[in-house]
Amino acid sequence: MHKILIVEDEEAIRLGLVDLLEIEGYEIAVAVDGEEAMEKVRQFLPHLVILDLMLPKVSGYDVCRYIRKTFPQTFIMMLTAKNEEINKIQGLEIGADDYVTKPFSVFELMARLKSMLRRVSQDTVPAPTTPDILEFHDVRIDFRKYEASRGGKPMELSAKEFQILKYLSTRRGEVVTREDLLQAIWGYSIENMPTTRTVDNQIVKLRQKIEADTENPLIIKSVRGVGYKFDPPEAGK
Ligand code: CA
């Protein structure tokens with residue numbers, strides 16, 4: 001069964017789409033804002049995302065960019081309002097596969113969705129990809145060669161540190177909990193979690209290598225009581 005994520009903050013449209021697509025036999029998940037959308041994309045791994053452009057918290061543009069970067073196999077159908085005409089082109093430029101303008105015809109939408117989904121097997125699981133090269137601030141990391149440099153000078157990173165940066169780069173700008181890291185990097189299950197101090201110690205060490213001021217980190221920020229946020233300045237800044 002193909003999986004479709006519906007991202008729409010307008011309840012009437014969202015519920016209408018849920019009804020329609022459930023009747024058609026798709027497996028459905030919904031998100032009501034951009035932040036939830038990125039979370040659901042990672043958890044639900046949809047084949048296709050119906051993505052409204054104007055969303056609370058994180059805009060449809062940013063969600064689209066995120067999906068395109070991290071889940072290149074996932075199709076994106078943009079929903080735009082009539083007065084957002086100009087934005088359609090931008091939508092396609094940032095990687096949407098198609099778009100419909102609200103109010104849309106149900107038949108037209110279904111035809112377009114089906115034509116996209118014909119191109120992907122329902123057994124395919126869209127997998128996240130990470131870029132081979134990660135650059136931020138004065139740091140450059142090559143995940144293929146396991147090489148890192150800072151300010152042009154080679155820098156030693158441990159295997160764990162490479163893994164952490166790779167994982168964080170797929171979740172740029174989001175709050176990542178210590179438990180997320182323990183699962184993703186250390187492979188612990190929820191029932192079998194060690195103390196989260198393991199994570200904190202590792203982050204302290206990593207910060208010493210990549211941050212200019214470890215007391216005021218700019219790259220891996222602390223989110224009090226929750227975890228961390230990888231939100232580095234662009235390369236060269
Ligand atoms: Ca909207």
# chains A, B, ... in the order shown; residues from 1 in each chain; ligands from 1

call {"tool": "residues_near_ligand", "arguments": {"ligand": "ligand 1", "cutoff": "6 Å", "atoms": "only C-alpha atoms and all ligand atoms", "output": "PyMOL selection string"}}
result
chain A and resi 8-10+52+54-55

call {"tool": "write_last_selection", "arguments": {"atoms": "N, CA, C and O atoms", "output": "short mmCIF file (atom, residue, chain, number, x, y, z; two decimals), in the first residue's frame"}}
result
data_model
loop_
_atom_site.label_atom_id
_atom_site.label_comp_id
_atom_site.auth_asym_id
_atom_site.auth_seq_id
_atom_site.Cartn_x
_atom_site.Cartn_y
_atom_site.Cartn_z
N GLU A 8 -1.38 19.93 5.90
CA GLU A 8 -2.33 21.02 5.62
C GLU A 8 -2.88 21.54 6.94
O GLU A 8 -3.34 20.76 7.76
N ASP A 9 -2.79 22.85 7.14
CA ASP A 9 -3.27 23.41 8.41
C ASP A 9 -4.77 23.71 8.38
O ASP A 9 -5.39 23.86 9.42
N GLU A 10 -5.34 23.81 7.18
CA GLU A 10 -6.79 24.05 7.11
C GLU A 10 -7.54 22.74 7.28
O GLU A 10 -7.44 21.83 6.46
N ASP A 52 0.95 21.62 1.72
CA ASP A 52 0.45 22.99 1.62
C ASP A 52 1.63 23.95 1.75
O ASP A 52 2.60 23.68 2.44
N MET A 54 1.53 27.44 2.65
CA MET A 54 1.49 28.35 3.79
C MET A 54 1.13 27.57 5.04
O MET A 54 -0.02 27.16 5.22
N LEU A 55 2.13 27.36 5.88
CA LEU A 55 1.94 26.52 7.08
C LEU A 55 2.45 27.24 8.30
O LEU A 55 3.39 28.03 8.21
#

call {"tool": "select_by_dssp", "arguments": {"residues": "region 130-210 of chain A", "states": "alpha helix (DSSP H)", "output": "VMD selection string"}}
result
chain A and resid 159 to 170 178 to 184 197 to 210

call {"tool": "closest_residue", "arguments": {"among": "A:Pro217, A:Lys205, A:Met38, A:Gly151", "to": "Lys57 (chain A)", "atoms": "only C-alpha atoms"}}
result
A:Met38

call {"tool": "closest_residue", "arguments": {"among": "A:Arg207, A:Arg150, A:Lys69, A:Lys3", "to": "Leu45 (chain A)", "atoms": "only C-alpha atoms"}}
result
A:Lys3

call {"tool": "atom_distance", "arguments": {"atom1": "CA of Ile94 (chain A)", "atom2": "CA of Tyr66 (chain A)"}}
result
9.7 Å

call {"tool": "closest_residue", "arguments": {"among": "A:Leu218, A:Ile67, A:Ala235, A:Ile203", "to": "Arg171 (chain A)", "atoms": "only C-alpha atoms"}}
result
A:Ile67

call {"tool": "select_by_dssp", "arguments": {"residues": "region 21-115 of chain A", "states": "strand (DSSP E)", "output": "PyMOL selection string"}}
result
chain A and resi 27-31+48-52+75-81+98-102

call {"tool": "residues_around", "arguments": {"residues": "Tyr146 (chain A)", "least_positions_apart": "3", "cutoff": "9 Å", "atoms": "only C-alpha atoms", "output": "number ranges by chain"}}
result
A: 141-143, 157, 159, 162

call {"tool": "closest_atom_pairs", "arguments": {"of": "region 59-88 of chain A", "to": "region 99-119 of chain A", "cutoff": "8 Å", "atoms": "only C-alpha atoms", "output": "CSV"}}
result
residue,atom,partner,partner_atom,distance
A:Phe75,CA,A:Met116,CA,7.2
A:Met77,CA,A:Tyr99,CA,5.1
A:Met78,CA,A:Tyr99,CA,4.3
A:Leu79,CA,A:Val100,CA,5.3
A:Thr80,CA,A:Thr101,CA,4.9
A:Ala81,CA,A:Lys102,CA,4.8
A:Lys82,CA,A:Thr101,CA,5.9
A:Lys88,CA,A:Tyr99,CA,7.1

call {"tool": "closest_residue", "arguments": {"among": "A:Val30, A:Thr74, A:Pro232, A:Cys64", "to": "Ser169 (chain A)", "atoms": "only C-alpha atoms"}}
result
A:Pro232

call {"tool": "atom_distance", "arguments": {"atom1": "CA of Val41 (chain A)", "atom2": "CA of Pro194 (chain A)"}}
result
27.6 Å

call {"tool": "closest_residue", "arguments": {"among": "A:Val199, A:Glu135, A:Pro126, A:Arg14", "to": "Arg68 (chain A)", "atoms": "only C-alpha atoms"}}
result
A:Pro126
